[in-house]
>>> print(open('structure_17.cif').read())   # mmCIF, N, CA and C atoms
data_model
#
loop_
_atom_site.label_atom_id
_atom_site.label_comp_id
_atom_site.auth_asym_id
_atom_site.auth_seq_id
_atom_site.Cartn_x
_atom_site.Cartn_y
_atom_site.Cartn_z
N MET A 33 108.70 83.99 110.11
CA MET A 33 107.81 84.41 109.06
C MET A 33 108.63 84.94 107.88
N HIS A 34 108.04 84.86 106.74
CA HIS A 34 108.70 85.30 105.52
C HIS A 34 107.85 86.38 104.86
N VAL A 35 108.47 87.45 104.44
CA VAL A 35 107.78 88.52 103.74
C VAL A 35 108.19 88.44 102.28
N GLY A 36 107.21 88.22 101.41
CA GLY A 36 107.48 88.11 99.99
C GLY A 36 107.48 89.47 99.30
N ILE A 37 107.82 89.44 98.03
CA ILE A 37 107.87 90.67 97.24
C ILE A 37 106.49 91.31 97.12
N GLN A 38 105.44 90.50 97.10
CA GLN A 38 104.09 91.06 97.01
C GLN A 38 103.76 91.90 98.23
N GLU A 39 104.18 91.45 99.41
CA GLU A 39 103.92 92.22 100.61
C GLU A 39 104.72 93.51 100.62
N VAL A 40 105.94 93.46 100.13
CA VAL A 40 106.75 94.68 100.04
C VAL A 40 106.08 95.69 99.11
N VAL A 41 105.54 95.20 98.00
CA VAL A 41 104.83 96.08 97.07
C VAL A 41 103.59 96.67 97.74
N LEU A 42 102.86 95.86 98.52
CA LEU A 42 101.69 96.38 99.24
C LEU A 42 102.07 97.47 100.23
N ILE A 43 103.17 97.27 100.93
CA ILE A 43 103.63 98.27 101.89
C ILE A 43 104.00 99.57 101.17
N ILE A 44 104.72 99.46 100.07
CA ILE A 44 105.12 100.65 99.32
C ILE A 44 103.90 101.36 98.75
N MET A 45 102.98 100.59 98.20
CA MET A 45 101.77 101.21 97.64
C MET A 45 100.95 101.90 98.72
N SER A 46 100.80 101.27 99.87
CA SER A 46 100.03 101.90 100.95
C SER A 46 100.74 103.14 101.47
N ALA A 47 102.07 103.13 101.50
CA ALA A 47 102.81 104.30 101.94
C ALA A 47 102.64 105.47 100.97
N VAL A 48 102.68 105.18 99.67
CA VAL A 48 102.52 106.23 98.67
C VAL A 48 101.11 106.82 98.72
N VAL A 49 100.10 105.97 98.78
CA VAL A 49 98.72 106.44 98.83
C VAL A 49 98.47 107.22 100.12
N ALA A 50 98.95 106.71 101.26
CA ALA A 50 98.73 107.40 102.53
C ALA A 50 99.45 108.74 102.56
N ALA A 51 100.66 108.80 102.02
CA ALA A 51 101.39 110.07 102.00
C ALA A 51 100.68 111.09 101.11
N PHE A 52 100.19 110.63 99.98
CA PHE A 52 99.46 111.53 99.08
C PHE A 52 98.20 112.05 99.74
N MET A 53 97.43 111.15 100.35
CA MET A 53 96.18 111.55 100.99
C MET A 53 96.44 112.42 102.23
N ALA A 54 97.49 112.11 102.99
CA ALA A 54 97.80 112.91 104.18
C ALA A 54 98.18 114.33 103.78
N ARG A 55 98.94 114.46 102.72
CA ARG A 55 99.33 115.79 102.27
C ARG A 55 98.15 116.54 101.67
N ARG A 56 97.33 115.84 100.91
CA ARG A 56 96.21 116.47 100.21
C ARG A 56 95.10 116.88 101.19
N CYS A 57 94.81 116.03 102.14
CA CYS A 57 93.70 116.29 103.08
C CYS A 57 94.16 116.92 104.39
N HIS A 58 95.46 117.12 104.56
CA HIS A 58 96.02 117.68 105.79
C HIS A 58 95.65 116.82 107.00
N ARG A 59 95.81 115.52 106.84
CA ARG A 59 95.53 114.57 107.92
C ARG A 59 96.75 113.67 108.11
N PRO A 60 97.71 114.10 108.91
CA PRO A 60 98.94 113.33 109.07
C PRO A 60 98.75 111.98 109.75
N TRP A 61 97.62 111.77 110.42
CA TRP A 61 97.38 110.48 111.06
C TRP A 61 97.25 109.36 110.04
N LEU A 62 97.00 109.69 108.78
CA LEU A 62 96.92 108.66 107.74
C LEU A 62 98.24 107.93 107.54
N LEU A 63 99.34 108.52 107.98
CA LEU A 63 100.65 107.88 107.83
C LEU A 63 100.80 106.67 108.75
N GLY A 64 99.86 106.46 109.65
CA GLY A 64 99.88 105.26 110.48
C GLY A 64 99.43 104.02 109.73
N ILE A 65 98.76 104.19 108.62
CA ILE A 65 98.26 103.05 107.86
C ILE A 65 99.40 102.22 107.27
N PRO A 66 100.42 102.81 106.62
CA PRO A 66 101.52 101.96 106.13
C PRO A 66 102.26 101.23 107.24
N VAL A 67 102.31 101.83 108.42
CA VAL A 67 102.95 101.15 109.55
C VAL A 67 102.15 99.90 109.92
N GLN A 68 100.82 100.03 109.93
CA GLN A 68 99.97 98.88 110.21
C GLN A 68 100.15 97.79 109.16
N VAL A 69 100.20 98.19 107.89
CA VAL A 69 100.35 97.21 106.82
C VAL A 69 101.70 96.49 106.95
N ALA A 70 102.74 97.22 107.34
CA ALA A 70 104.06 96.60 107.50
C ALA A 70 104.05 95.57 108.64
N VAL A 71 103.43 95.93 109.75
CA VAL A 71 103.37 94.99 110.89
C VAL A 71 102.52 93.77 110.52
N ILE A 72 101.41 94.01 109.86
CA ILE A 72 100.54 92.90 109.46
C ILE A 72 101.24 92.00 108.45
N SER A 73 102.03 92.57 107.55
CA SER A 73 102.77 91.76 106.57
C SER A 73 103.77 90.83 107.25
N ILE A 74 104.36 91.31 108.32
CA ILE A 74 105.33 90.48 109.05
C ILE A 74 104.63 89.37 109.82
N CYS A 75 103.43 89.65 110.34
CA CYS A 75 102.74 88.71 111.21
C CYS A 75 101.85 87.70 110.50
N THR A 76 101.61 87.88 109.21
CA THR A 76 100.75 86.95 108.48
C THR A 76 101.58 86.09 107.54
N PRO A 77 101.00 85.03 107.01
CA PRO A 77 101.73 84.22 106.03
C PRO A 77 102.11 85.04 104.80
N ALA A 78 103.07 84.53 104.06
CA ALA A 78 103.64 85.28 102.93
C ALA A 78 102.77 85.18 101.68
N ASP A 79 101.57 85.70 101.75
CA ASP A 79 100.75 85.83 100.56
C ASP A 79 99.92 87.10 100.69
N PRO A 80 99.72 87.81 99.60
CA PRO A 80 99.04 89.10 99.67
C PRO A 80 97.56 89.02 100.06
N VAL A 81 96.92 87.89 99.80
CA VAL A 81 95.50 87.76 100.12
C VAL A 81 95.29 87.80 101.63
N SER A 82 96.05 87.03 102.38
CA SER A 82 95.89 87.04 103.84
C SER A 82 96.30 88.38 104.43
N THR A 83 97.30 89.01 103.83
CA THR A 83 97.70 90.33 104.31
C THR A 83 96.57 91.33 104.12
N LEU A 84 95.95 91.33 102.96
CA LEU A 84 94.85 92.26 102.69
C LEU A 84 93.62 91.94 103.52
N MET A 85 93.36 90.66 103.76
CA MET A 85 92.19 90.27 104.54
C MET A 85 92.27 90.78 105.97
N ILE A 86 93.47 90.93 106.49
CA ILE A 86 93.64 91.45 107.84
C ILE A 86 93.89 92.95 107.82
N ALA A 87 94.64 93.44 106.85
CA ALA A 87 95.02 94.86 106.82
C ALA A 87 93.84 95.78 106.53
N LEU A 88 92.98 95.42 105.61
CA LEU A 88 91.87 96.31 105.25
C LEU A 88 90.94 96.59 106.43
N PRO A 89 90.45 95.57 107.14
CA PRO A 89 89.59 95.89 108.29
C PRO A 89 90.33 96.66 109.39
N CYS A 90 91.60 96.34 109.61
CA CYS A 90 92.37 97.06 110.64
C CYS A 90 92.54 98.53 110.29
N CYS A 91 92.83 98.82 109.04
CA CYS A 91 93.02 100.19 108.60
C CYS A 91 91.70 100.97 108.64
N VAL A 92 90.61 100.33 108.29
CA VAL A 92 89.30 100.98 108.35
C VAL A 92 88.94 101.28 109.81
N MET A 93 89.17 100.33 110.70
CA MET A 93 88.88 100.57 112.12
C MET A 93 89.76 101.68 112.68
N TYR A 94 91.02 101.72 112.28
CA TYR A 94 91.94 102.77 112.71
C TYR A 94 91.44 104.14 112.25
N ALA A 95 91.08 104.24 110.99
CA ALA A 95 90.61 105.51 110.45
C ALA A 95 89.32 105.96 111.12
N LEU A 96 88.38 105.04 111.29
CA LEU A 96 87.13 105.39 111.95
C LEU A 96 87.35 105.79 113.41
N GLY A 97 88.26 105.10 114.06
CA GLY A 97 88.56 105.44 115.45
C GLY A 97 89.14 106.83 115.59
N VAL A 98 90.04 107.19 114.70
CA VAL A 98 90.64 108.52 114.75
C VAL A 98 89.60 109.58 114.41
N LEU A 99 88.79 109.32 113.40
CA LEU A 99 87.78 110.30 113.01
C LEU A 99 86.71 110.47 114.08
N LYS A 100 86.32 109.38 114.73
CA LYS A 100 85.28 109.43 115.76
C LYS A 100 85.80 109.98 117.08
N SER A 101 87.12 110.02 117.26
CA SER A 101 87.68 110.51 118.52
C SER A 101 87.50 112.01 118.66
N GLY A 102 87.18 112.69 117.57
CA GLY A 102 86.92 114.12 117.64
C GLY A 102 88.18 114.95 117.75
N MET A 103 89.29 114.44 117.21
CA MET A 103 90.53 115.20 117.25
C MET A 103 90.35 116.50 116.45
N LYS A 104 90.79 117.57 117.03
CA LYS A 104 90.74 118.86 116.35
C LYS A 104 91.91 118.97 115.39
N GLN A 105 91.72 119.67 114.30
CA GLN A 105 92.78 119.81 113.30
C GLN A 105 94.01 120.48 113.90
N GLU A 106 93.84 121.42 114.83
CA GLU A 106 94.97 122.11 115.43
C GLU A 106 95.81 121.15 116.27
N ALA A 107 95.16 120.17 116.90
CA ALA A 107 95.88 119.23 117.75
C ALA A 107 96.70 118.26 116.93
N VAL A 108 96.30 117.99 115.71
CA VAL A 108 97.00 117.03 114.86
C VAL A 108 98.23 117.65 114.25
N THR A 109 98.15 118.90 113.83
CA THR A 109 99.27 119.52 113.14
C THR A 109 100.22 120.23 114.04
#
>>> encode(input="structure_17.cif", output="structure tokens")
Amino acid sequence: MHVGIQEVVLIIMSAVVAAFMARRCHRPWLLGIPVQVAVISICTPADPVSTLMIALPCCVMYALGVLKSGMKQEAVT
């Protein structure tokens, strides 16, 4: 598989946004989103559309799963 510059930019952008949101909302589990985007970028064809088509639903399901799991704030930090 080939990772293009567009995918690298998507990974960097998702890392910056997730880091900002994790720090602002005190939710460190958000840092798992850039990891997902990086893995998805490697596993999909080298175009940003297919990366986003798979990454967005995966990240939403990840976030909903963590939020619905009932993790206490003390357990996360």
>>> residues_around(input="structure_17.cif", residues="region 60-70 of chain A", least_positions_apart="5", cutoff="7 Å", atoms="all atoms listed in the file", output="number ranges by chain")
A: 42-43, 46-47, 50-51, 53-55, 75, 87, 91, 108-109
>>> residues_around(input="structure_17.cif", residues="Leu84 (chain A)", least_positions_apart="5", cutoff="8 Å", atoms="all atoms listed in the file", output="list in words")
Ile72, Ser73, Asp79, Pro89 and Cys90 of chain A
>>> atom_distance(input="structure_17.cif", atom1="atom N of Pro80 (chain A)", atom2="atom N of Ile37 (chain A)")
8.4 Å
>>> select_by_dssp(input="structure_17.cif", residues="chain A", states="alpha helix (DSSP H)", output="PyMOL selection string")
chain A and resi 37-57+64-75+80-100+105-108
>>> decode(input="structure_17.cif", residues="region 51-66 of chain A", atoms="all heavy atoms", output="PDB file, in the first residue's frame")
ATOM      1  N   ALA A  51      -5.711  16.336  19.898  1.00  0.00           N
ATOM      2  CA  ALA A  51      -4.915  16.815  21.033  1.00  0.00           C
ATOM      3  C   ALA A  51      -5.547  18.061  21.644  1.00  0.00           C
ATOM      4  O   ALA A  51      -5.615  18.201  22.872  1.00  0.00           O
ATOM      5  CB  ALA A  51      -3.483  17.105  20.584  1.00  0.00           C
ATOM      6  N   PHE A  52      -6.022  18.948  20.800  1.00  0.00           N
ATOM      7  CA  PHE A  52      -6.674  20.162  21.291  1.00  0.00           C
ATOM      8  C   PHE A  52      -7.935  19.820  22.073  1.00  0.00           C
ATOM      9  O   PHE A  52      -8.158  20.320  23.171  1.00  0.00           O
ATOM     10  CB  PHE A  52      -6.998  21.094  20.116  1.00  0.00           C
ATOM     11  CG  PHE A  52      -7.777  22.307  20.510  1.00  0.00           C
ATOM     12  CD1 PHE A  52      -7.185  23.347  21.198  1.00  0.00           C
ATOM     13  CD2 PHE A  52      -9.128  22.402  20.198  1.00  0.00           C
ATOM     14  CE1 PHE A  52      -7.911  24.461  21.571  1.00  0.00           C
ATOM     15  CE2 PHE A  52      -9.871  23.507  20.565  1.00  0.00           C
ATOM     16  CZ  PHE A  52      -9.262  24.544  21.256  1.00  0.00           C
ATOM     17  N   MET A  53      -8.765  18.951  21.504  1.00  0.00           N
ATOM     18  CA  MET A  53     -10.011  18.575  22.161  1.00  0.00           C
ATOM     19  C   MET A  53      -9.756  17.769  23.436  1.00  0.00           C
ATOM     20  O   MET A  53     -10.461  17.931  24.423  1.00  0.00           O
ATOM     21  CB  MET A  53     -10.908  17.793  21.208  1.00  0.00           C
ATOM     22  CG  MET A  53     -11.421  18.613  20.048  1.00  0.00           C
ATOM     23  SD  MET A  53     -12.375  20.038  20.550  1.00  0.00           S
ATOM     24  CE  MET A  53     -13.808  19.249  21.227  1.00  0.00           C
ATOM     25  N   ALA A  54      -8.749  16.896  23.423  1.00  0.00           N
ATOM     26  CA  ALA A  54      -8.436  16.098  24.611  1.00  0.00           C
ATOM     27  C   ALA A  54      -7.981  16.998  25.747  1.00  0.00           C
ATOM     28  O   ALA A  54      -8.365  16.790  26.900  1.00  0.00           O
ATOM     29  CB  ALA A  54      -7.360  15.066  24.284  1.00  0.00           C
ATOM     30  N   ARG A  55      -7.181  17.985  25.435  1.00  0.00           N
ATOM     31  CA  ARG A  55      -6.708  18.896  26.470  1.00  0.00           C
ATOM     32  C   ARG A  55      -7.830  19.798  26.963  1.00  0.00           C
ATOM     33  O   ARG A  55      -7.967  20.050  28.152  1.00  0.00           O
ATOM     34  CB  ARG A  55      -5.558  19.742  25.933  1.00  0.00           C
ATOM     35  CG  ARG A  55      -4.967  20.663  26.994  1.00  0.00           C
ATOM     36  CD  ARG A  55      -3.752  21.367  26.501  1.00  0.00           C
ATOM     37  NE  ARG A  55      -2.701  20.380  26.287  1.00  0.00           N
ATOM     38  CZ  ARG A  55      -1.667  20.579  25.505  1.00  0.00           C
ATOM     39  NH1 ARG A  55      -1.539  21.708  24.857  1.00  0.00           N
ATOM     40  NH2 ARG A  55      -0.743  19.660  25.353  1.00  0.00           N
ATOM     41  N   ARG A  56      -8.652  20.270  26.038  1.00  0.00           N
ATOM     42  CA  ARG A  56      -9.720  21.212  26.389  1.00  0.00           C
ATOM     43  C   ARG A  56     -10.835  20.526  27.183  1.00  0.00           C
ATOM     44  O   ARG A  56     -11.359  21.088  28.129  1.00  0.00           O
ATOM     45  CB  ARG A  56     -10.285  21.824  25.117  1.00  0.00           C
ATOM     46  CG  ARG A  56     -11.279  22.917  25.362  1.00  0.00           C
ATOM     47  CD  ARG A  56     -11.541  23.686  24.090  1.00  0.00           C
ATOM     48  NE  ARG A  56     -12.422  24.798  24.354  1.00  0.00           N
ATOM     49  CZ  ARG A  56     -13.622  24.940  23.831  1.00  0.00           C
ATOM     50  NH1 ARG A  56     -14.073  24.038  22.990  1.00  0.00           N
ATOM     51  NH2 ARG A  56     -14.348  25.984  24.118  1.00  0.00           N
ATOM     52  N   CYS A  57     -11.207  19.335  26.782  1.00  0.00           N
ATOM     53  CA  CYS A  57     -12.326  18.630  27.418  1.00  0.00           C
ATOM     54  C   CYS A  57     -11.881  17.652  28.497  1.00  0.00           C
ATOM     55  O   CYS A  57     -12.729  16.999  29.101  1.00  0.00           O
ATOM     56  CB  CYS A  57     -13.113  17.857  26.364  1.00  0.00           C
ATOM     57  SG  CYS A  57     -13.826  18.886  25.089  1.00  0.00           S
ATOM     58  N   HIS A  58     -10.585  17.509  28.706  1.00  0.00           N
ATOM     59  CA  HIS A  58     -10.040  16.563  29.686  1.00  0.00           C
ATOM     60  C   HIS A  58     -10.493  15.137  29.377  1.00  0.00           C
ATOM     61  O   HIS A  58     -10.955  14.403  30.246  1.00  0.00           O
ATOM     62  CB  HIS A  58     -10.433  16.953  31.112  1.00  0.00           C
ATOM     63  CG  HIS A  58     -10.008  18.332  31.471  1.00  0.00           C
ATOM     64  ND1 HIS A  58      -8.690  18.664  31.667  1.00  0.00           N
ATOM     65  CD2 HIS A  58     -10.709  19.477  31.644  1.00  0.00           C
ATOM     66  CE1 HIS A  58      -8.593  19.944  31.956  1.00  0.00           C
ATOM     67  NE2 HIS A  58      -9.821  20.474  31.943  1.00  0.00           N
ATOM     68  N   ARG A  59     -10.393  14.772  28.119  1.00  0.00           N
ATOM     69  CA  ARG A  59     -10.752  13.422  27.675  1.00  0.00           C
ATOM     70  C   ARG A  59      -9.586  12.832  26.880  1.00  0.00           C
ATOM     71  O   ARG A  59      -9.550  12.892  25.650  1.00  0.00           O
ATOM     72  CB  ARG A  59     -12.005  13.447  26.817  1.00  0.00           C
ATOM     73  CG  ARG A  59     -13.195  13.923  27.607  1.00  0.00           C
ATOM     74  CD  ARG A  59     -14.428  13.929  26.824  1.00  0.00           C
ATOM     75  NE  ARG A  59     -15.489  14.444  27.683  1.00  0.00           N
ATOM     76  CZ  ARG A  59     -16.743  14.306  27.424  1.00  0.00           C
ATOM     77  NH1 ARG A  59     -17.131  13.680  26.346  1.00  0.00           N
ATOM     78  NH2 ARG A  59     -17.634  14.799  28.242  1.00  0.00           N
ATOM     79  N   PRO A  60      -8.637  12.212  27.563  1.00  0.00           N
ATOM     80  CA  PRO A  60      -7.447  11.700  26.876  1.00  0.00           C
ATOM     81  C   PRO A  60      -7.725  10.557  25.905  1.00  0.00           C
ATOM     82  O   PRO A  60      -6.910  10.275  25.038  1.00  0.00           O
ATOM     83  CB  PRO A  60      -6.538  11.244  28.022  1.00  0.00           C
ATOM     84  CG  PRO A  60      -7.430  11.084  29.193  1.00  0.00           C
ATOM     85  CD  PRO A  60      -8.585  12.009  28.997  1.00  0.00           C
ATOM     86  N   TRP A  61      -8.893   9.920  26.011  1.00  0.00           N
ATOM     87  CA  TRP A  61      -9.209   8.840  25.081  1.00  0.00           C
ATOM     88  C   TRP A  61      -9.364   9.350  23.658  1.00  0.00           C
ATOM     89  O   TRP A  61      -9.297   8.571  22.703  1.00  0.00           O
ATOM     90  CB  TRP A  61     -10.466   8.099  25.525  1.00  0.00           C
ATOM     91  CG  TRP A  61     -11.681   8.951  25.696  1.00  0.00           C
ATOM     92  CD1 TRP A  61     -12.112   9.509  26.855  1.00  0.00           C
ATOM     93  CD2 TRP A  61     -12.594   9.357  24.678  1.00  0.00           C
ATOM     94  NE1 TRP A  61     -13.254  10.236  26.632  1.00  0.00           N
ATOM     95  CE2 TRP A  61     -13.578  10.162  25.297  1.00  0.00           C
ATOM     96  CE3 TRP A  61     -12.691   9.126  23.317  1.00  0.00           C
ATOM     97  CZ2 TRP A  61     -14.622  10.730  24.602  1.00  0.00           C
ATOM     98  CZ3 TRP A  61     -13.739   9.689  22.621  1.00  0.00           C
ATOM     99  CH2 TRP A  61     -14.692  10.477  23.258  1.00  0.00           C
ATOM    100  N   LEU A  62      -9.548  10.653  23.471  1.00  0.00           N
ATOM    101  CA  LEU A  62      -9.647  11.210  22.120  1.00  0.00           C
ATOM    102  C   LEU A  62      -8.355  11.045  21.335  1.00  0.00           C
ATOM    103  O   LEU A  62      -8.359  11.114  20.109  1.00  0.00           O
ATOM    104  CB  LEU A  62     -10.016  12.699  22.184  1.00  0.00           C
ATOM    105  CG  LEU A  62     -11.459  13.009  22.546  1.00  0.00           C
ATOM    106  CD1 LEU A  62     -11.628  14.494  22.804  1.00  0.00           C
ATOM    107  CD2 LEU A  62     -12.391  12.558  21.452  1.00  0.00           C
ATOM    108  N   LEU A  63      -7.243  10.813  22.019  1.00  0.00           N
ATOM    109  CA  LEU A  63      -5.962  10.636  21.329  1.00  0.00           C
ATOM    110  C   LEU A  63      -5.909   9.308  20.566  1.00  0.00           C
ATOM    111  O   LEU A  63      -4.987   9.089  19.778  1.00  0.00           O
ATOM    112  CB  LEU A  63      -4.814  10.745  22.327  1.00  0.00           C
ATOM    113  CG  LEU A  63      -4.702  12.122  22.994  1.00  0.00           C
ATOM    114  CD1 LEU A  63      -3.613  12.107  24.046  1.00  0.00           C
ATOM    115  CD2 LEU A  63      -4.446  13.203  21.968  1.00  0.00           C
ATOM    116  N   GLY A  64      -6.880   8.451  20.759  1.00  0.00           N
ATOM    117  CA  GLY A  64      -6.952   7.214  19.983  1.00  0.00           C
ATOM    118  C   GLY A  64      -7.433   7.444  18.558  1.00  0.00           C
ATOM    119  O   GLY A  64      -7.205   6.615  17.675  1.00  0.00           O
ATOM    120  N   ILE A  65      -8.059   8.565  18.307  1.00  0.00           N
ATOM    121  CA  ILE A  65      -8.585   8.847  16.970  1.00  0.00           C
ATOM    122  C   ILE A  65      -7.471   9.009  15.937  1.00  0.00           C
ATOM    123  O   ILE A  65      -7.551   8.414  14.858  1.00  0.00           O
ATOM    124  CB  ILE A  65      -9.541  10.049  17.017  1.00  0.00           C
ATOM    125  CG1 ILE A  65     -10.810   9.629  17.776  1.00  0.00           C
ATOM    126  CG2 ILE A  65      -9.880  10.558  15.622  1.00  0.00           C
ATOM    127  CD1 ILE A  65     -11.806  10.719  18.005  1.00  0.00           C
ATOM    128  N   PRO A  66      -6.397   9.778  16.195  1.00  0.00           N
ATOM    129  CA  PRO A  66      -5.327   9.847  15.191  1.00  0.00           C
ATOM    130  C   PRO A  66      -4.661   8.500  14.927  1.00  0.00           C
ATOM    131  O   PRO A  66      -4.229   8.229  13.800  1.00  0.00           O
ATOM    132  CB  PRO A  66      -4.316  10.835  15.787  1.00  0.00           C
ATOM    133  CG  PRO A  66      -5.047  11.594  16.806  1.00  0.00           C
ATOM    134  CD  PRO A  66      -6.160  10.718  17.281  1.00  0.00           C
TER     135      PRO A  66
END
